[in-house]
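Colleague: File protein-v2.cif follows (mmCIF, C-alpha atoms):
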```cif
data_my_file
loop_
_atom_site.label_atom_id
_atom_site.label_comp_id
_atom_site.auth_asym_id
_atom_site.auth_seq_id
_atom_site.Cartn_x
_atom_site.Cartn_y
_atom_site.Cartn_z
CA MET A 220 -22.66 30.35 48.21
CA ASN A 221 -25.43 27.76 48.20
CA LYS A 222 -27.07 29.37 45.17
CA TYR A 223 -24.06 28.39 43.06
CA ILE A 224 -24.03 24.74 44.09
CA LEU A 225 -26.90 23.61 41.86
CA PRO A 226 -25.72 25.38 38.65
CA VAL A 227 -22.16 24.15 39.17
CA SER A 228 -23.41 20.63 39.86
CA VAL A 229 -25.60 20.63 36.78
CA PHE A 230 -22.80 21.98 34.61
CA GLY A 231 -20.38 19.37 35.94
CA THR A 232 -22.86 16.57 35.30
CA VAL A 233 -23.62 17.73 31.77
CA PHE A 234 -19.93 18.14 31.01
CA GLY A 235 -19.11 14.69 32.38
CA VAL A 236 -21.91 13.05 30.41
CA ALA A 237 -20.79 14.87 27.25
CA VAL A 238 -17.23 13.59 27.67
CA LEU A 239 -18.41 10.02 28.25
CA LEU A 240 -20.82 10.22 25.33
CA LYS A 241 -18.11 11.49 23.01
CA GLU A 242 -15.73 8.71 24.02
CA HIS A 243 -18.49 6.14 23.49
CA MET A 244 -19.50 7.50 20.08
CA THR A 245 -15.92 7.78 18.87
CA GLY A 246 -14.87 4.27 19.86
CA GLY A 247 -13.45 4.56 23.36
CA ARG A 248 -9.93 3.83 24.52
CA CYS A 249 -7.51 0.93 24.38
CA THR A 250 -7.72 -0.75 27.80
CA SER A 251 -4.70 -3.02 27.41
CA LYS A 252 -2.03 -2.57 30.09
CA ALA A 253 0.65 -4.26 27.98
CA THR A 254 4.15 -2.85 28.23
CA LEU A 255 6.77 -2.58 25.48
CA THR A 256 9.96 -2.79 27.49
CA GLY A 257 12.74 -4.09 25.26
CA LYS A 258 10.69 -3.61 22.09
CA THR A 259 11.21 -1.20 19.21
CA VAL A 260 8.40 0.66 17.45
CA VAL A 261 8.76 2.54 14.16
CA ILE A 262 6.05 5.14 13.47
CA THR A 263 5.83 7.25 10.32
CA GLY A 264 4.46 10.79 10.50
CA ALA A 265 4.84 10.89 14.27
CA ASN A 266 5.48 14.59 14.79
CA THR A 267 1.80 15.57 14.94
CA GLY A 268 -1.76 14.26 15.22
CA ILE A 269 -2.48 10.55 15.55
CA GLY A 270 1.15 9.58 15.05
CA LYS A 271 2.42 11.82 17.82
CA GLU A 272 -0.19 10.60 20.31
CA THR A 273 0.53 7.00 19.36
CA ALA A 274 4.23 7.60 19.96
CA ARG A 275 3.48 9.22 23.32
CA ASP A 276 1.37 6.29 24.53
CA LEU A 277 3.79 3.61 23.37
CA ALA A 278 6.68 5.54 24.94
CA LYS A 279 4.79 5.47 28.24
CA ARG A 280 4.69 1.71 27.90
CA GLY A 281 8.49 1.61 27.78
CA GLY A 282 9.02 1.11 24.07
CA ARG A 283 11.98 2.31 22.06
CA ILE A 284 10.28 4.72 19.65
CA ILE A 285 11.64 5.67 16.23
CA MET A 286 9.72 8.63 14.77
CA GLY A 287 10.10 8.85 10.99
CA CYS A 288 9.15 12.34 9.77
CA ARG A 289 9.73 14.66 6.82
CA ASP A 290 10.04 17.86 8.90
CA MET A 291 12.96 17.20 11.22
CA GLU A 292 12.55 20.41 13.21
CA LYS A 293 8.98 19.49 14.16
CA CYS A 294 9.99 15.87 14.71
CA GLU A 295 12.83 16.80 17.09
CA THR A 296 10.47 19.10 19.01
CA ALA A 297 7.85 16.37 19.30
CA ALA A 298 10.41 13.75 20.35
CA LYS A 299 11.79 16.06 23.03
CA GLU A 300 8.26 16.75 24.32
CA ILE A 301 7.44 13.04 24.49
CA ARG A 302 10.70 12.24 26.27
CA GLY A 303 9.84 14.89 28.85
CA ASN A 304 6.22 13.77 29.28
CA THR A 305 6.97 10.06 29.57
CA LEU A 306 10.46 10.15 31.12
CA ASN A 307 11.42 7.65 28.44
CA PRO A 308 14.80 8.67 26.97
CA HIS A 309 14.48 6.22 24.08
CA VAL A 310 12.39 8.35 21.74
CA TYR A 311 14.21 9.31 18.56
CA ALA A 312 13.55 11.56 15.56
CA CYS A 313 14.70 10.31 12.16
CA GLN A 314 14.47 11.80 8.68
CA LEU A 315 11.89 10.13 6.42
CA ASP A 316 10.21 11.65 3.37
CA LEU A 317 7.64 9.23 1.99
CA ALA A 318 7.50 11.23 -1.24
CA SER A 319 11.09 10.16 -1.98
CA MET A 320 12.16 6.57 -2.66
CA LYS A 321 15.74 7.62 -1.91
CA SER A 322 14.77 8.95 1.53
CA ILE A 323 12.80 5.79 2.31
CA ARG A 324 15.72 3.56 1.42
CA GLU A 325 18.11 5.65 3.51
CA PHE A 326 15.73 5.54 6.48
CA ALA A 327 15.28 1.77 6.20
CA GLU A 328 19.02 1.24 5.92
CA LYS A 329 19.62 3.22 9.13
CA ILE A 330 17.01 1.14 10.92
CA LYS A 331 18.56 -2.11 9.71
CA GLN A 332 22.05 -1.03 10.71
CA LYS A 333 21.34 0.64 14.06
CA GLU A 334 18.35 -1.24 15.47
CA GLN A 335 18.62 -4.76 16.80
CA ARG A 336 14.93 -5.38 16.26
CA VAL A 337 11.65 -3.94 14.94
CA ASP A 338 8.65 -5.27 16.85
CA VAL A 339 5.98 -2.89 15.56
CA LEU A 340 5.80 -0.86 12.35
CA ILE A 341 2.99 1.69 12.22
CA ASN A 342 2.48 3.14 8.75
CA ASN A 343 0.68 6.24 9.97
CA ALA A 344 1.81 9.15 7.76
CA GLY A 345 -0.36 10.35 4.92
CA VAL A 346 -1.76 13.18 2.84
CA MET A 347 -5.42 13.80 2.13
CA ARG A 348 -7.13 15.50 -0.80
CA CYS A 349 -4.15 17.71 -1.50
CA PRO A 350 -3.80 19.68 -4.75
CA GLU A 351 -2.52 17.85 -7.82
CA GLY A 352 1.17 17.15 -7.55
CA LYS A 353 3.85 14.52 -8.03
CA THR A 354 6.38 12.94 -5.71
CA GLU A 355 10.12 13.16 -6.29
CA ASP A 356 9.83 9.98 -8.37
CA GLY A 357 6.88 11.15 -10.49
CA PHE A 358 4.06 9.35 -8.68
CA ASP A 359 0.72 10.94 -7.86
CA MET A 360 1.32 12.53 -4.44
CA GLN A 361 -1.48 10.74 -2.60
CA PHE A 362 -0.85 7.33 -4.16
CA GLY A 363 2.90 7.79 -3.78
CA VAL A 364 2.91 8.82 -0.12
CA ASN A 365 -0.08 6.90 1.22
CA HIS A 366 0.61 3.62 -0.57
CA LEU A 367 3.88 3.31 -2.48
CA GLY A 368 6.02 4.92 0.21
CA HIS A 369 4.74 2.59 2.92
CA PHE A 370 4.79 -0.38 0.53
CA LEU A 371 8.51 0.11 -0.03
CA LEU A 372 9.31 0.87 3.60
CA THR A 373 7.48 -2.21 4.86
CA ASN A 374 9.18 -4.51 2.37
CA LEU A 375 12.60 -3.11 3.26
CA LEU A 376 11.99 -3.74 6.98
CA LEU A 377 10.48 -7.21 6.64
CA ASP A 378 13.69 -9.05 7.54
CA LYS A 379 13.91 -7.09 10.81
CA LEU A 380 10.24 -7.72 11.53
CA LYS A 381 10.62 -11.46 10.90
CA GLU A 382 13.75 -11.65 13.06
CA SER A 383 11.80 -9.93 15.87
CA ALA A 384 8.66 -12.09 15.56
CA PRO A 385 6.06 -12.13 16.91
CA SER A 386 5.82 -8.64 15.45
CA ARG A 387 3.11 -6.43 14.01
CA VAL A 388 2.53 -4.10 11.04
CA ILE A 389 -0.32 -1.59 11.23
CA ASN A 390 -1.50 0.31 8.16
CA LEU A 391 -3.62 3.44 8.68
CA ALA A 392 -6.42 3.13 6.12
CA SER A 393 -9.76 4.90 5.90
CA LEU A 394 -13.46 4.28 5.40
CA ALA A 395 -12.86 6.23 2.19
CA HIS A 396 -11.76 2.95 0.61
CA ILE A 397 -15.44 2.11 0.07
CA VAL A 398 -15.58 4.45 -2.94
CA GLY A 399 -12.03 3.78 -4.10
CA LYS A 400 -11.18 2.25 -7.46
CA MET A 401 -7.83 1.03 -8.71
CA ASP A 402 -7.22 2.49 -12.16
CA PHE A 403 -4.17 0.54 -13.25
CA GLU A 404 -4.20 2.26 -16.63
CA ASP A 405 -3.72 5.69 -15.02
CA LEU A 406 -2.67 5.40 -11.38
CA HIS A 407 -0.96 8.80 -11.43
CA TRP A 408 -3.68 10.87 -13.13
CA GLU A 409 -1.72 11.59 -16.28
CA LYS A 410 -4.51 10.79 -18.77
CA LYS A 411 -7.70 11.89 -17.02
CA LYS A 412 -8.71 15.05 -15.19
CA PHE A 413 -7.35 15.07 -11.66
CA ASP A 414 -9.90 14.44 -8.90
CA THR A 415 -8.34 14.93 -5.47
CA LYS A 416 -11.10 13.02 -3.65
CA GLN A 417 -10.89 10.00 -5.94
CA ALA A 418 -7.10 10.07 -5.79
CA TYR A 419 -7.31 9.88 -1.99
CA CYS A 420 -9.89 7.09 -2.06
CA GLN A 421 -7.75 5.10 -4.50
CA SER A 422 -4.77 5.37 -2.16
CA LYS A 423 -6.84 4.24 0.83
CA LEU A 424 -8.21 1.26 -1.10
CA ALA A 425 -4.61 0.40 -1.94
CA ASN A 426 -3.80 0.38 1.80
CA VAL A 427 -6.39 -2.32 2.46
CA LEU A 428 -5.47 -4.40 -0.61
CA PHE A 429 -1.79 -4.20 0.35
CA THR A 430 -2.59 -5.31 3.90
CA ARG A 431 -4.43 -8.40 2.74
CA GLU A 432 -1.84 -9.43 0.15
CA LEU A 433 1.06 -8.88 2.55
CA ALA A 434 -0.69 -10.97 5.22
CA LYS A 435 -0.86 -13.89 2.76
CA ARG A 436 2.83 -13.63 1.98
CA LEU A 437 3.75 -13.50 5.68
CA GLN A 438 1.86 -16.61 6.73
CA GLY A 439 4.00 -18.71 9.06
CA THR A 440 6.54 -15.96 9.77
CA GLY A 441 5.05 -14.66 13.02
CA VAL A 442 4.53 -11.20 11.50
CA THR A 443 0.94 -9.98 11.44
CA VAL A 444 -0.41 -7.05 9.42
CA ASN A 445 -3.74 -5.29 9.80
CA ALA A 446 -5.40 -2.14 8.44
CA VAL A 447 -7.41 0.32 10.50
CA HIS A 448 -9.81 3.19 9.93
CA PRO A 449 -9.20 5.40 13.01
CA GLY A 450 -12.45 7.34 12.72
CA VAL A 451 -12.89 11.04 12.06
CA VAL A 452 -10.06 12.86 13.81
CA ALA A 453 -9.26 16.56 14.14
CA THR A 454 -5.72 16.66 12.74
CA GLU A 455 -3.73 18.62 10.17
CA LEU A 456 -4.51 15.87 7.64
CA GLY A 457 -7.82 17.51 6.83
CA ARG A 458 -6.42 20.95 6.02
CA HIS A 459 -7.28 20.58 2.31
CA THR A 460 -10.89 19.48 2.82
CA ASN A 461 -12.34 23.00 3.36
CA LEU A 462 -14.50 21.88 6.26
CA HIS A 463 -16.27 24.72 8.10
CA GLN A 464 -15.63 27.22 5.33
CA SER A 465 -19.31 28.15 5.05
CA ARG A 466 -21.53 29.89 7.60
CA PHE A 467 -23.90 26.90 7.55
CA SER A 468 -21.19 24.43 8.48
CA THR A 469 -19.71 26.61 11.20
CA THR A 470 -23.03 27.43 12.86
CA VAL A 471 -25.21 24.38 12.22
CA LEU A 472 -22.81 21.46 11.81
CA SER A 473 -20.14 22.43 14.34
CA PRO A 474 -21.98 20.99 17.37
CA PHE A 475 -22.30 17.63 15.62
CA PHE A 476 -18.66 17.66 14.53
CA THR A 477 -17.63 18.48 18.09
CA LEU A 478 -19.44 15.40 19.32
CA LEU A 479 -18.33 13.04 16.56
CA VAL A 480 -14.84 14.23 15.67
CA LYS A 481 -12.09 12.80 17.86
CA SER A 482 -9.13 14.48 19.41
CA PRO A 483 -5.76 13.12 18.21
CA GLU A 484 -5.45 11.29 21.55
CA LEU A 485 -8.69 9.39 20.94
CA GLY A 486 -7.81 8.98 17.27
CA ALA A 487 -4.61 7.19 18.28
CA GLN A 488 -6.42 4.52 20.32
CA PRO A 489 -7.06 2.12 17.39
CA SER A 490 -3.36 2.16 16.40
CA ILE A 491 -2.36 1.61 20.01
CA TYR A 492 -4.89 -1.23 20.32
CA LEU A 493 -3.50 -3.04 17.28
CA ALA A 494 0.07 -2.47 18.46
CA VAL A 495 -0.26 -3.85 21.99
CA SER A 496 -3.57 -5.60 22.62
CA GLU A 497 -3.47 -9.27 23.55
CA GLU A 498 -6.84 -9.69 21.81
CA VAL A 499 -5.36 -9.26 18.33
CA GLU A 500 -2.35 -11.50 18.85
CA GLY A 501 -2.12 -13.72 15.78
CA VAL A 502 -4.85 -11.85 13.89
CA THR A 503 -3.67 -10.89 10.41
CA GLY A 504 -5.07 -9.58 7.15
CA ALA A 505 -7.97 -7.90 8.95
CA TYR A 506 -9.60 -4.51 8.58
CA TYR A 507 -10.63 -2.62 11.72
CA ASP A 508 -13.17 0.17 11.94
CA VAL A 509 -11.72 1.89 15.01
CA MET A 510 -11.31 -1.11 17.36
CA THR A 511 -13.87 -3.43 15.81
CA GLU A 512 -12.93 -5.95 13.15
CA LYS A 513 -15.17 -5.62 10.11
CA GLU A 514 -15.20 -6.81 6.56
CA PRO A 515 -13.93 -4.14 4.17
CA TRP A 516 -15.87 -3.14 1.06
CA PRO A 517 -16.06 -5.77 -1.75
CA GLN A 518 -13.43 -4.11 -3.97
CA ALA A 519 -10.94 -4.49 -1.11
CA LEU A 520 -11.54 -8.25 -1.05
CA ASP A 521 -10.62 -8.87 -4.70
CA GLU A 522 -7.55 -11.10 -4.53
CA ASP A 523 -6.70 -10.67 -8.21
CA VAL A 524 -6.67 -6.88 -7.83
CA ALA A 525 -4.55 -7.17 -4.65
CA LEU A 526 -2.03 -9.36 -6.46
CA ARG A 527 -1.90 -7.01 -9.45
CA LEU A 528 -1.41 -4.02 -7.15
CA TRP A 529 1.48 -5.81 -5.45
CA GLU A 530 3.16 -6.57 -8.76
CA VAL A 531 2.67 -3.04 -10.12
CA SER A 532 3.85 -1.47 -6.86
CA SER A 533 6.94 -3.68 -6.78
CA ARG A 534 7.88 -2.57 -10.26
CA LEU A 535 7.25 1.11 -9.55
CA VAL A 536 9.43 1.19 -6.40
CA GLY A 537 12.14 -1.05 -7.85
CA LEU A 538 11.63 -4.17 -5.75
CA LYS A 539 11.06 -6.60 -8.62
CA GLU A 540 14.72 -7.11 -9.32
CA GLU A 541 15.67 -7.27 -5.65
CA GLY A 542 13.91 -10.54 -4.89
CA GLN A 543 10.68 -9.47 -3.26
CA LEU A 544 8.66 -11.48 -0.79
CA LYS A 545 6.86 -14.36 -2.53
CA PRO A 546 3.48 -15.89 -1.68
CA PRO A 547 3.70 -18.97 0.59
CA THR A 548 2.70 -21.32 -2.24
CA GLU A 549 2.73 -19.72 -5.66
CA VAL A 550 1.14 -22.70 -7.40
CA GLN A 551 -1.73 -22.80 -4.93
CA SER A 552 -4.94 -21.33 -6.24
CA ARG A 553 -5.94 -18.15 -4.43
CA ALA A 554 -9.47 -19.49 -4.14
CA ALA A 555 -8.20 -22.51 -2.25
CA GLN A 556 -6.19 -20.57 0.31
CA PRO A 557 -7.56 -20.52 3.88
CA ALA A 558 -9.01 -17.41 5.46
CA LEU A 559 -6.48 -15.20 7.18
CA THR A 560 -8.46 -14.77 10.37
CA GLN A 561 -11.41 -16.34 12.04
CA PRO A 562 -14.67 -14.77 10.81
CA SER A 563 -15.77 -11.96 13.05
CA GLY A 564 -19.41 -12.36 12.15
CA GLN A 565 -19.70 -8.64 11.49
CA SER A 566 -20.75 -6.95 8.31
CA ALA A 567 -19.45 -3.71 6.87
CA ASP A 568 -20.91 -0.61 8.39
CA VAL A 569 -21.06 2.68 6.53
CA GLY A 570 -20.19 5.62 8.75
CA ALA A 571 -18.48 8.99 8.58
CA GLU A 572 -15.46 9.25 6.34
CA GLY A 573 -12.22 9.31 8.32
CA LEU A 574 -9.68 12.06 8.05
#
```
Would you give me this structure, written as structure tokens?
Modeller:
Amino acid sequence: MNKYILPVSVFGTVFGVAVLLKEHMTGGRCTSKATLTGKTVVITGANTGIGKETARDLAKRGGRIIMGCRDMEKCETAAKEIRGNTLNPHVYACQLDLASMKSIREFAEKIKQKEQRVDVLINNAGVMRCPEGKTEDGFDMQFGVNHLGHFLLTNLLLDKLKESAPSRVINLASLAHIVGKMDFEDLHWEKKKFDTKQAYCQSKLANVLFTRELAKRLQGTGVTVNAVHPGVVATELGRHTNLHQSRFSTTVLSPFFTLLVKSPELGAQPSIYLAVSEEVEGVTGAYYDVMTEKEPWPQALDEDVALRLWEVSSRLVGLKEEGQLKPPTEVQSRAAQPALTQPSGQSADVGAEGL
């Protein structure tokens, strides 16, 4: 029996170190013990991956969880599983198709009618590098789902968020925004050859620009909004990327991916952190690389582009005529407006592209 003690001990030590190393390299876990009793959280795309694990954690904290998903069968199954795991009966599945403005409006109306409050909105759902296609309303699929869908949903729920203040909005962005470019002359790839990677990067840049512009318009309301790159996470989002399709990638790169790519549980930690952490209370308009505040790439800091994106998006989703949220002082020069958050003293850091 003694001859097995050393090998088992060595294996256990190596395994333990590997687990700790992976958690360290992928950003660690949210350590906040904050509870959400009496608070309502709306999460899009919560039936799988990061969204599901975020819903599970926040349900454990006692929150009332509204899971907005396109596939109701999967959403009901996930909600039932989370209710069983957490013993929290207040986890609900609700129909939401971000590729349909009609579905988004119906979902928002149900929330406004049935929910007394919305304390946290997590815009988590998304598509990545999918084949060329259009939403129900004729928008490029990635721009429509990743940006326009959440743009409309957030605006429709703003009254609830303000009534529930202090409240938080979290937008799932990506490091991919660093190579994104807003092509206002052809947002939906109708004039130029479709490039699925660039379409994705454009949508992720839009997430960060939207976050910063919305934060300006919400100053003084008690509603904060931040964007986050969750890191590289093993989820269904990357099914169109063709990773590990070659022998080289499966044999040579797999060990590195195993170390650097997060599980959905670890991938959910940044969203959880921004939803509950006391450290980010009052922080708004910021971009987080996992759980560290960093300055986004220069094109995401262009206030004129952010304002133009807001105006174009409002027109595309039909908010212009409905009396959309205005900037706090329209006559005030953008250059003269104060910073949204205290400087973090950290520069942008180029790392692996998030899924």
Colleague: Taking the file above as input, evaluate the PyMOL selection byres ((chain A and resi 347-361) around 12) and report the hits as a ChimeraX atom specification.
Modeller: /A:316-323,344-346,362-369,392-393,395,405-409,412-426,454-461,532,535-537,572-574
Colleague: Which residues, named as in the file, does the PyMOL selection byres ((chain A and resi 486-491) around 8) pick out? Answer as a ChimeraX atom specification.
Modeller: /A:247-249,269-270,272-273,276-277,341,389,391,447,449-452,481-485,492-496,509-510
Colleague: Neighbouring residues of Ser533 (chain A) were defined as those with any atom within 9 Å, considering all atoms listed in the file; residues of the same chain fewer than 3 positions away were excluded. Please report them as a PyMOL selection string.
Modeller: chain A and resi 367+370-371+528-530+536-540+543
Colleague: The PyMOL selection byres ((chain A and resi 428) around 8) - which residues does that actually catch in the file I just gave you? List them as a list in words.
Modeller: Leu424, Ala425, Asn426, Val427, Phe429, Thr430, Arg431, Glu432, Ala519, Leu520, Asp521, Val524, Ala525 and Leu528 of chain A
Colleague: Convert the current residue selection to file output with C-alpha atoms, as a compact mmCIF listing (two decimals), in the frame of the given file.
Modeller:
```txt
# COMPACT_ATOMS: atom_id res chain seq x y z
CA LEU A 424 -8.21 1.26 -1.10
CA ALA A 425 -4.61 0.40 -1.94
CA ASN A 426 -3.80 0.38 1.80
CA VAL A 427 -6.39 -2.32 2.46
CA PHE A 429 -1.79 -4.20 0.35
CA THR A 430 -2.59 -5.31 3.90
CA ARG A 431 -4.43 -8.40 2.74
CA GLU A 432 -1.84 -9.43 0.15
CA ALA A 519 -10.94 -4.49 -1.11
CA LEU A 520 -11.54 -8.25 -1.05
CA ASP A 521 -10.62 -8.87 -4.70
CA VAL A 524 -6.67 -6.88 -7.83
CA ALA A 525 -4.55 -7.17 -4.65
CA LEU A 528 -1.41 -4.02 -7.15
```
Colleague: Rounded to one decimal place, report the CA of Arg324 (chain A)-CA of Met291 (chain A) distance in Å.
Modeller: 17.0 Å
Colleague: Grab the CA of Arg289 (chain A) to CA of Lys329 (chain A) distance for me, in Å with one decimal place.
Modeller: 15.3 Å
Colleague: Would you mind reading off the distance between CA of Lys299 (chain A) and CA of Thr256 (chain A), one decimal, in Å?
Modeller: 19.5 Å
Colleague: Using all atoms listed in the file for the distances, tell me which of A:Ala384, A:Ala265, A:Leu340, A:Leu377 is nearest to Ala446 (chain A).
Modeller: A:Leu340
Colleague: I'd like to know which of A:Ser386, A:Asn343, A:Thr263, A:Gln518 is closest to Ile284 (chain A), using all atoms listed in the file.
Modeller: A:Thr263
Colleague: Compile the contact shell of region 303-313 of chain A as a PyMOL selection string: residues with an atom at most 8 Å away, counting all atoms listed in the file, same-chain residues fewer than 5 positions apart removed.
Modeller: chain A and resi 275+278-279+281-288+291+294-295+298+326
Colleague: Which residue out of A:Lys333, A:Arg302, A:Arg527, A:Lys258 has the minimum interatomic distance to Met401 (chain A) when all atoms listed in the file are used?
Modeller: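 Comparing A:Lys333, A:Arg302, A:Arg527, A:Lys258 against Met401 (chain A), the winner is A:Arg527.
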Colleague: Taking all atoms of region 425-430 of chain A that the file lists, what box with edges along x, y and z, padded by 3 Å per side, do you get, with centre and edge lengths in Å to one decimal, as JSON?
Modeller:
```
{"center_x": -4.1, "center_y": -2.5, "center_z": 1.0, "size_x": 10.6, "size_y": 11.7, "size_z": 11.8}
```
Colleague: Between A:Ala297, A:Val337, A:Val502, A:Ile330, which has the minimum distance to Val260 (chain A) (counting all atoms listed in the file)?
Modeller: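 Among A:Ala297, A:Val337, A:Val502, A:Ile330, it is A:Val337 that comes nearest to Val260 (chain A).
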